[in-house]
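Structure first, commentary second.
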Amino acid sequence: MLTIDPRLLSMMLLGYGDSQRQLLETPILGDTWASFAAHPAGRHALLLTSNHGTNAADLADELAKHFEGIEDLAAAQGFVAGTFDLGHLIEALLPLTQWWSSLREERRNPAGEPPRMPGRQDILFALERMLAFENRTPPPVETVDEQPLTAHARQVLGLGLVLGTLAALARHDDADPETITLLARLNERVGLREIAEYGASILGGLLEHKDGPEGGGMIWIVTTNRQVQFATLDSVPTVKGDAARQLFAIDCSDLTWAILDSGIQRDHPAFEAPDKTSRVRRTYDFGQITRILDRRNGRNAAFCRETAERLVNRGVRGEKLEQDIKRCAQSSRGGIEAVDWFTVEKLVRIDNPAPPTNPHGTHVAGILAGQWARAPRSEQNTALPGTDVATFIAEPIRRPAGKAQGTVLLRGVCPDINLHDFRVLGQDCEQTEFAVICALQFIRHLNARSGKAVIDGVNLSLSIPHDVLSYACGKTPVCLEAEKLVANGTVVVAAAGNNGYQSYRLSAGGAYDGYAFASITDPGNAETVITVGSTHRFAPHTYGVSYFSSRGPTGDGRAKPDILAPGEKIASAVPGNAMDTMDGTSMAAPHVSGAAALLMGRNREMRGDPATIKQVLCDTATDVGRIAHFQGHGLLDILRALQSK
């Protein structure tokens, strides 16, 4: 019998590398997929949660009426239990979920072109890219030359990968027993093309299926019926950002926040200023800062020339690049440690930046500063790319009916603030601690040379594992540099990290999964930065701290995180004039950055006083009933913070 390691299945659903997600979008939850991975051809005891307004008994009757072979089918208030095989999962359970019902409604929407769903080539290409990643080889050249997949369709693509894999494995059930841990081995035993064929066939059948149950949307989630053992934008209202804007007329148009991340799409509609320019005022590419400051540039002409060519390819322009590069390499010598930031600025500033290859930075920036409204239909000449999926994902706020009213697709916490884009992450960046340190130092330089705050705050939705053998906790280079920037009068907000849930290997053999205390990452370990953990986007009191959110205390016993903000399935802008959902403490941090900016906008005396801002935000946070090592001071409450001063 062939089985598949759940971690490989997880890679298909959540992605891999820098693009890996933390949470599933499909209503078939992870333990269900893991159960089928362990026995693709078997039957599994599952528990169905009925959708709001659906009687669980009606759901059970609908299943019994249309599908044979479902055993142990029973209903209780809000739940249905049963034993299901893979065919039931595909033909009965998935079509009855609210998630799939919404997708089909989107495809039937006559107002616009239905989104293209993934087919065989999409599935095969995705598998080949995963195989290349696994083998550490360059990914294959993209051959799918069609309309790109929407965000929702990409979620369906993951479903096609998994269903195709499970279907292929189920048909090889008579093979020798083996648990497949690598995609390369799966390719040897089954074949990627066979998986793609099955996956595309299953998805196509689901999308075109017209018979069967009529109760679409009856199921909310599907999970395993676990064995009992003796044990013994949605997110902005959660932090009261919408209420704060209505109550207080706050102008933050003269404030600027730096986003140290993978880059921001400058011309995204979410960042358009009233004068039609972009509120992303500057773009600095620190992805090659080590190369720029490499000492070989000063003594090797060929090396310096190659460095200049690299920078030109990244969008840097200038008449004397090689001369400037050589000057930077020679600036820190003779006992003088200061970098020539005036010259470095010429080599990292990009006036016409290309859209970033990774969506993370644009998404973070949208949570903080996004403002995107679709014009009324009568005023639309062409549909904005990504509008349809954005409308579906963001569940937009409808303005009061009227001739000139449109749809708000995205409204961040502080939608009039200016941004500086610092690119330090991504596949085309060195992505080192050094690059982050240089960016922080450069920000101090910008503020110092102007004699005033050019950049009021910094958002660090990134994490660096703390090496306990090298540094005391909170005293690593990046932490110390963040502390210096705070002492310089700049607010620094950092993500707590996503290490709150880990797999542990036992010395005596075996393993188990569990929650990890003292899992805060750098620079979140720095004392004076505002370290942000994650909670649910609209039900924080119910769900508490996100399972993935890193927990305190710090390794040396200090209280962290400082505060919580929504970080689960947050909708925001992504490159391509589109929107998508992401999750992680990376998404929680910009909520707090926006709150800090609003405090400055209302109380100008707080500008340049990050300690007071941190104190106010922490003192006014709402207790969500969890211990301090999990929640810090509690959930961010922007309205209460503004009212306190």
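Chains: A, B, ... in order of the structure tokens. Residues: from 1 per chain. Ligands: from 1, in order shown.
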
According to DSSP computed on the backbone, where in range 48-292 of chain A is there strand (DSSP E)? Give the residues as a PyMOL selection string. chain A and resi 48-50+71-76+79-84+178-180+219-224+256-261+280-285

Selected residues, N, CA and C atoms, written as a short mmCIF file (atom, residue, chain, number, x, y, z; two decimals), in the first residue's frame, please.
data_model
loop_
_atom_site.label_atom_id
_atom_site.label_comp_id
_atom_site.auth_asym_id
_atom_site.auth_seq_id
_atom_site.Cartn_x
_atom_site.Cartn_y
_atom_site.Cartn_z
N LEU A 48 -18.43 16.59 10.34
CA LEU A 48 -18.81 17.73 9.52
C LEU A 48 -19.48 18.78 10.40
N THR A 49 -19.02 20.02 10.26
CA THR A 49 -19.68 21.13 10.95
C THR A 49 -20.62 21.79 9.97
N SER A 50 -21.89 21.84 10.30
CA SER A 50 -22.86 22.43 9.39
C SER A 50 -22.72 23.94 9.37
N GLU A 71 -21.17 5.26 5.73
CA GLU A 71 -21.52 4.50 6.93
C GLU A 71 -21.46 5.38 8.17
N ASP A 72 -22.13 4.91 9.21
CA ASP A 72 -22.10 5.58 10.52
C ASP A 72 -22.52 7.04 10.42
N LEU A 73 -23.49 7.33 9.55
CA LEU A 73 -23.94 8.70 9.34
C LEU A 73 -24.90 9.09 10.45
N ALA A 74 -24.53 10.10 11.22
CA ALA A 74 -25.35 10.51 12.36
C ALA A 74 -25.27 12.02 12.51
N ALA A 75 -26.38 12.61 13.02
CA ALA A 75 -26.45 14.06 13.17
C ALA A 75 -26.69 14.42 14.62
N ALA A 76 -26.02 15.48 15.03
CA ALA A 76 -26.27 16.10 16.33
C ALA A 76 -26.38 17.59 16.08
N PHE A 79 -23.54 19.24 13.98
CA PHE A 79 -22.50 18.34 13.50
C PHE A 79 -23.09 17.09 12.87
N VAL A 80 -22.36 16.56 11.90
CA VAL A 80 -22.70 15.28 11.28
C VAL A 80 -21.45 14.41 11.29
N ALA A 81 -21.60 13.19 11.76
CA ALA A 81 -20.50 12.23 11.75
C ALA A 81 -20.77 11.16 10.72
N GLY A 82 -19.71 10.62 10.15
CA GLY A 82 -19.86 9.56 9.17
C GLY A 82 -18.52 9.00 8.79
N THR A 83 -18.57 7.89 8.06
CA THR A 83 -17.35 7.27 7.55
C THR A 83 -17.36 7.40 6.03
N PHE A 84 -16.33 8.05 5.50
CA PHE A 84 -16.33 8.45 4.09
C PHE A 84 -15.05 7.96 3.42
N GLU A 178 4.75 1.40 1.20
CA GLU A 178 5.78 2.44 1.25
C GLU A 178 5.12 3.77 1.61
N THR A 179 5.77 4.51 2.50
CA THR A 179 5.35 5.88 2.79
C THR A 179 6.26 6.82 2.02
N ILE A 180 5.68 7.56 1.09
CA ILE A 180 6.47 8.43 0.21
C ILE A 180 6.67 9.78 0.89
N ILE A 219 -22.22 22.70 4.37
CA ILE A 219 -21.10 22.31 5.22
C ILE A 219 -20.15 23.49 5.40
N TRP A 220 -19.71 23.71 6.63
CA TRP A 220 -18.74 24.77 6.91
C TRP A 220 -17.32 24.21 6.88
N ILE A 221 -17.04 23.17 7.67
CA ILE A 221 -15.73 22.56 7.66
C ILE A 221 -15.86 21.04 7.79
N VAL A 222 -14.81 20.34 7.36
CA VAL A 222 -14.73 18.89 7.47
C VAL A 222 -13.44 18.56 8.21
N THR A 223 -13.55 17.81 9.27
CA THR A 223 -12.38 17.42 10.05
C THR A 223 -12.50 15.96 10.44
N THR A 224 -11.45 15.39 10.99
CA THR A 224 -11.52 14.00 11.42
C THR A 224 -12.33 13.89 12.70
N THR A 256 5.52 59.34 7.30
CA THR A 256 6.10 58.34 6.39
C THR A 256 6.52 57.12 7.18
N TRP A 257 6.19 55.96 6.64
CA TRP A 257 6.56 54.70 7.27
C TRP A 257 7.42 53.90 6.31
N ALA A 258 8.46 53.28 6.82
CA ALA A 258 9.33 52.42 6.01
C ALA A 258 8.87 50.97 6.14
N ILE A 259 8.76 50.30 5.02
CA ILE A 259 8.41 48.88 4.99
C ILE A 259 9.65 48.12 4.55
N LEU A 260 10.29 47.42 5.48
CA LEU A 260 11.45 46.59 5.16
C LEU A 260 10.94 45.21 4.84
N ASP A 261 10.95 44.87 3.55
CA ASP A 261 10.27 43.65 3.14
C ASP A 261 10.75 43.25 1.75
N VAL A 280 3.83 55.63 -2.32
CA VAL A 280 5.13 54.97 -2.13
C VAL A 280 6.18 55.92 -2.69
N ARG A 281 6.69 56.79 -1.85
CA ARG A 281 7.49 57.92 -2.30
C ARG A 281 8.89 57.54 -2.73
N ARG A 282 9.48 56.52 -2.12
CA ARG A 282 10.85 56.13 -2.44
C ARG A 282 10.94 54.61 -2.43
N THR A 283 11.81 54.09 -3.30
CA THR A 283 12.13 52.68 -3.30
C THR A 283 13.63 52.52 -3.18
N TYR A 284 14.06 51.77 -2.18
CA TYR A 284 15.48 51.50 -1.96
C TYR A 284 15.71 49.99 -2.01
N ASP A 285 16.60 49.58 -2.89
CA ASP A 285 16.89 48.17 -3.06
C ASP A 285 18.17 47.82 -2.29
#

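Distance-wise, CA of Val339 in chain A and CA of Gly287 in chain A end up 16.8 Å apart.
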
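One finds CA of Asn51 in chain A at 8.1 Å from CA of Thr97 in chain A.
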
All alpha helix (DSSP H) residues (DSSP, backbone) inside range 174-329 of chain A, as an MDAnalysis selection string: chainID A and resid 183:189 192:208 235:238 241:247 289:292 301:313 321:329
